[in-house]
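Note sheet for the following structure.
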Amino acid sequence: MATNNANAAAQLAKTAFRNHAVELQRFLIRRVNHAQDADDLAQEVFARLLRVRDADLVRTPLAYLLGIATHVVREFRQHKHHERVLFDSDVADDLCENADPGAPAGIAERLELQDRLDRALNFLPPTHQLVLLLVKRDGLSYAEAAKAAGLSIHTIEKYLVEARAQLRVRLEEC
Amino acid sequence: MSDSIENPDRRLEFLHAQQASAWVQVLLDPTAEQRAAFVKWLKDSPRNVRDFLFMLTIEQGLEHLDAHRVHDIEALLSQADGRVVPLSGALPRAPASGTPTSRGQRAFLRGAHLRRPRRWIAVAATAAAAFLVVWTFLAREPHGWKEFATATGEQRAFDLEDGSVIHLNTHSRVALRFAGQTREVRLLQGEALFRVHHDAARPFRVYTSDAVIQAVGTQFDVYNRPEGTEVAVIEGRVSVTPEAHPALARFNVPAASVHEDPKTRSVGASEEARIDRGGVLSVRAAPDVSDAVAWRERRLVFRQETLAHIVAEFNRYNARQIRLQGADVATRVFTGVFDADDPDSLAQVLARDSSLSVSYSDRAIVVNTR
């Protein structure tokens, strides 16, 4: 997987997510600590995924998933807008978003997520920090990172998988 | 990680997260079988859908991991080799109440440019120059002011006691004082991005030599330039008042409320305010407001800017200065995105212009007309 091909595919996936899922990102970043809303989203996306033919889904699973999830987020927002307003922080956030159509696309959320990831990074073991920094920050290929860290390519991938999972768990308190 | 493994709930959560993370890894370059297996997994449970979506968000966020480059690869390598227990305290942020150590500082920039080894020498020179400038932390306790500063090429984030965060750009200085009713910040030099923690009872005010910017809870960038102050609002709303008060250098804050000033303008997200040295305030729409904070990712973004402006920006970040000579060089207009640490990249672009000549020395890059 540590090939140029993989890098190109990764780049594509990144670009797809960045370009087509700004609203989805904003929604998700805001809900990292609000499990209920995220569960509602997941339920709805799940229900719609079940209605898509497997043959289509298997061809471009990521595109389907992101497309559906983005639609659902949009519907959530419109729906919420017409509901009676309950004054919790999420509703307040959504009202702010709706009142402010000129708000830049998710920059604030992205910067906040980046800060929180930077904080969460400190809780990782040094080996996992090392691998993340080599690959994500310094842009090394898996082969280059393996050489720099004295690990196998397989271990690099394993640590990346573990590191993301640890960040996910840590993010709730960072 | 140890506590998450001991706690059964956390352990379960971690295992789910790890599964989602493994799928993110696989989907970077999946085979047809893997795509089919992924779809099957997604259709297993809404929880998988949720975990995967969150994991994609994290993967996306990792694109700009450690943008301030506070982590040192060599230090981590030796830690990993020695099987040192994690959490040895490589703090990326200086708590506002503590005294930052120079060791934490030194971690910055080292090992930062593995991606471009050919630039090692230039980067090393820049780093060395940056560290010659003593990083100052002058706690002006007698007046309750605390001061934070960055050296040339350095960027740093400070967590404040109220939950706000200040990102300080290169060669910048702020002083701040928090009291029961107010949060006061003076941008003495350079540029800072403020993420203000919401507290309606304690307005957050930023003073420059041209203006006062007041916020309750929002994100905005303030740049104290020689020709005036620029404010870019990323989120929420701030009020901006032109106010060239002479007290700035003396650490006195006027008692008058900002809101009572008739000249005060409200500036919202995706808007930029400029206050020139004469106190003239103008507000414009800024759909490209992300350019204003691109520096946090160490990028410089220019859209139809004069070479004089572009060069001034580069020179903020680098010990190796660019100088313009010749008649009309400074007023030429360029558009481009550059790596802030790499003045050579600009020089290379300019060298392609047949009407310009570019010469290099250790301390400077000189651009002249042919």
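The chains in the structure tokens are called A, B, ... from first to last as shown; in each chain the residues are counted from 1, and the ligands are counted from 1 in the order shown.
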Any idea what's packed within 9 Å of B:Arg303, counting only C-alpha atoms, ignoring anything in its chain fewer than 3 positions away? Could you give it as a list in words?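 Here the qualifying residues turn out to be Val333, Phe334, Thr335, Gly336 and Val337 of chain B.
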Write down, as a ChimeraX atom specification, each residue of chain A that has any atom within 7 Å of an atom of chain B, counting only C-alpha atoms. /A:1,6,9-10,13-14,25,28,38-39,42-43,46,50,57-58,61,102-104,107-108,110,113-114,118,122-127,130,136-140,149,161-162,164-166,168-169
Tell me which of A:Tyr64, A:Val131, A:Leu41, A:Leu160 sits closest to A:Ala146, counting only C-alpha atoms. A:Val131
So how many Å separate atom CA of B:Arg320 and atom CA of B:Ser345, to one decimal?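 For atom CA of B:Arg320 relative to atom CA of B:Ser345, the distance reads 12.8 Å.
The list of residues with at least one atom within 9 Å of B:Gly153, based on only C-alpha atoms and without residues fewer than 2 positions apart in the same chain, reads Thr126, Ala127, Ala130, Thr150, Ala151, Gln155, Asn169, Thr170, His171, Arg316, Tyr317, Asn318, Ala319, Ala340 and Asp341 of chain B.
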Written selection (N, CA and C atoms) as a PDB file, in the first residue's frame:
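Contents of again_38.pdb, freshly written:
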ATOM      1  N   THR B 126      18.287  29.684   9.205  1.00  0.00           N
ATOM      2  CA  THR B 126      17.164  30.454   9.719  1.00  0.00           C
ATOM      3  C   THR B 126      16.919  30.122  11.180  1.00  0.00           C
ATOM      4  N   ALA B 127      16.933  28.817  11.479  1.00  0.00           N
ATOM      5  CA  ALA B 127      16.653  28.384  12.842  1.00  0.00           C
ATOM      6  C   ALA B 127      17.711  28.924  13.790  1.00  0.00           C
ATOM      7  N   ALA B 130      17.146  32.466  14.390  1.00  0.00           N
ATOM      8  CA  ALA B 130      15.959  32.660  15.219  1.00  0.00           C
ATOM      9  C   ALA B 130      16.291  32.450  16.692  1.00  0.00           C
ATOM     10  N   THR B 150       7.355  36.077  19.963  1.00  0.00           N
ATOM     11  CA  THR B 150       7.968  35.052  19.118  1.00  0.00           C
ATOM     12  C   THR B 150       9.148  35.659  18.376  1.00  0.00           C
ATOM     13  N   ALA B 151      10.130  34.811  18.060  1.00  0.00           N
ATOM     14  CA  ALA B 151      11.299  35.249  17.299  1.00  0.00           C
ATOM     15  C   ALA B 151      10.982  35.174  15.806  1.00  0.00           C
ATOM     16  N   GLN B 155       6.439  30.455  15.297  1.00  0.00           N
ATOM     17  CA  GLN B 155       5.012  30.621  15.565  1.00  0.00           C
ATOM     18  C   GLN B 155       4.696  29.829  16.809  1.00  0.00           C
ATOM     19  N   ASN B 169       1.982  34.864  15.440  1.00  0.00           N
ATOM     20  CA  ASN B 169       2.762  34.662  14.224  1.00  0.00           C
ATOM     21  C   ASN B 169       4.215  35.099  14.450  1.00  0.00           C
ATOM     22  N   THR B 170       5.016  34.966  13.419  1.00  0.00           N
ATOM     23  CA  THR B 170       6.439  35.283  13.497  1.00  0.00           C
ATOM     24  C   THR B 170       6.689  36.715  13.987  1.00  0.00           C
ATOM     25  N   HIS B 171       7.735  36.905  14.774  1.00  0.00           N
ATOM     26  CA  HIS B 171       8.226  38.222  15.162  1.00  0.00           C
ATOM     27  C   HIS B 171       7.089  39.097  15.693  1.00  0.00           C
ATOM     28  N   ARG B 316       9.409  38.833   7.140  1.00  0.00           N
ATOM     29  CA  ARG B 316       8.987  38.645   8.537  1.00  0.00           C
ATOM     30  C   ARG B 316       9.417  37.279   9.043  1.00  0.00           C
ATOM     31  N   TYR B 317       9.487  36.298   8.133  1.00  0.00           N
ATOM     32  CA  TYR B 317       9.688  34.914   8.551  1.00  0.00           C
ATOM     33  C   TYR B 317      11.132  34.449   8.503  1.00  0.00           C
ATOM     34  N   ASN B 318      11.958  35.166   7.766  1.00  0.00           N
ATOM     35  CA  ASN B 318      13.275  34.624   7.460  1.00  0.00           C
ATOM     36  C   ASN B 318      14.412  35.578   7.793  1.00  0.00           C
ATOM     37  N   ALA B 319      15.474  34.995   8.331  1.00  0.00           N
ATOM     38  CA  ALA B 319      16.661  35.788   8.617  1.00  0.00           C
ATOM     39  C   ALA B 319      17.293  36.256   7.303  1.00  0.00           C
ATOM     40  N   ALA B 340       6.212  29.808   3.694  1.00  0.00           N
ATOM     41  CA  ALA B 340       6.772  30.973   4.384  1.00  0.00           C
ATOM     42  C   ALA B 340       8.254  30.818   4.696  1.00  0.00           C
ATOM     43  N   ASP B 341       8.703  29.574   4.864  1.00  0.00           N
ATOM     44  CA  ASP B 341      10.094  29.346   5.249  1.00  0.00           C
ATOM     45  C   ASP B 341      11.049  29.314   4.064  1.00  0.00           C
TER      46      ASP B 341
END
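Atom CA of B:Val267 to atom CA of B:Thr241 spans 10.4 Å [interatomic distance, one decimal].
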Between B:Asp276, B:Leu350, B:Ala327, B:Ser282, which residue has the minimum interatomic distance to B:Ile310, considering only C-alpha atoms?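 Between B:Asp276, B:Leu350, B:Ala327, B:Ser282, the residue approaching B:Ile310 most closely is B:Leu350.
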In Å, with one decimal, what is the gap from atom CA of B:Arg237 to atom CA of B:Asp199? 13.8 Å
DSSP on the backbone, helix (DSSP H, G or I) only: what residues of stretch 133-348 of chain B does that give? Format it as a VMD selection string. chain B and resid 141 to 143 246 to 250 258 to 260 289 to 297 307 to 317 329 to 331 343 to 348
Just the residues within 9 Å of B:Ala364, please, counting only C-alpha atoms, with nothing from its chain fewer than 4 positions along; format it as number ranges by chain. B: 319-323, 359-360
Identify, on the basis of only C-alpha atoms, every residue whose closest approach to B:His197 does not exceed 6 Å; exclude the query and any residue fewer than 3 positions from it along the same chain; express the result as a PyMOL selection string. chain B and resi 163-164+217
Selection above as a file: C-alpha atoms, as a PDB file, in the first residue's frame:
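What landed in part-v4.pdb:
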ATOM      1  CA  GLY B 163      -9.925  29.043  27.799  1.00  0.00           C
ATOM      2  CA  SER B 164      -9.058  31.397  24.945  1.00  0.00           C
ATOM      3  CA  GLY B 217     -16.603  34.825  21.876  1.00  0.00           C
TER       4      GLY B 217
END
If we count only C-alpha atoms and set the cut-off at 10 Å, which residues sit around A:Ile68, ignoring sequence neighbours fewer than 2 positions away in its own chain? Please answer as a list in words.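 Near neighbours after the sequence-gap exclusion: Leu24, Glu44, Val45, Phe46, Arg48, Leu49, Leu62, Ala63, Tyr64, Leu65, Leu66, Thr70, His71, Val72, Val73 and Arg74 of chain A.
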Contacts of B:Ala215 at 8 Å (only C-alpha atoms; same-chain gap of 6+ positions) as a list in words: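 In the requested format, the answer is Val196, Pro203, Phe204, Arg205, Arg237, Val238 and Ser239 of chain B.
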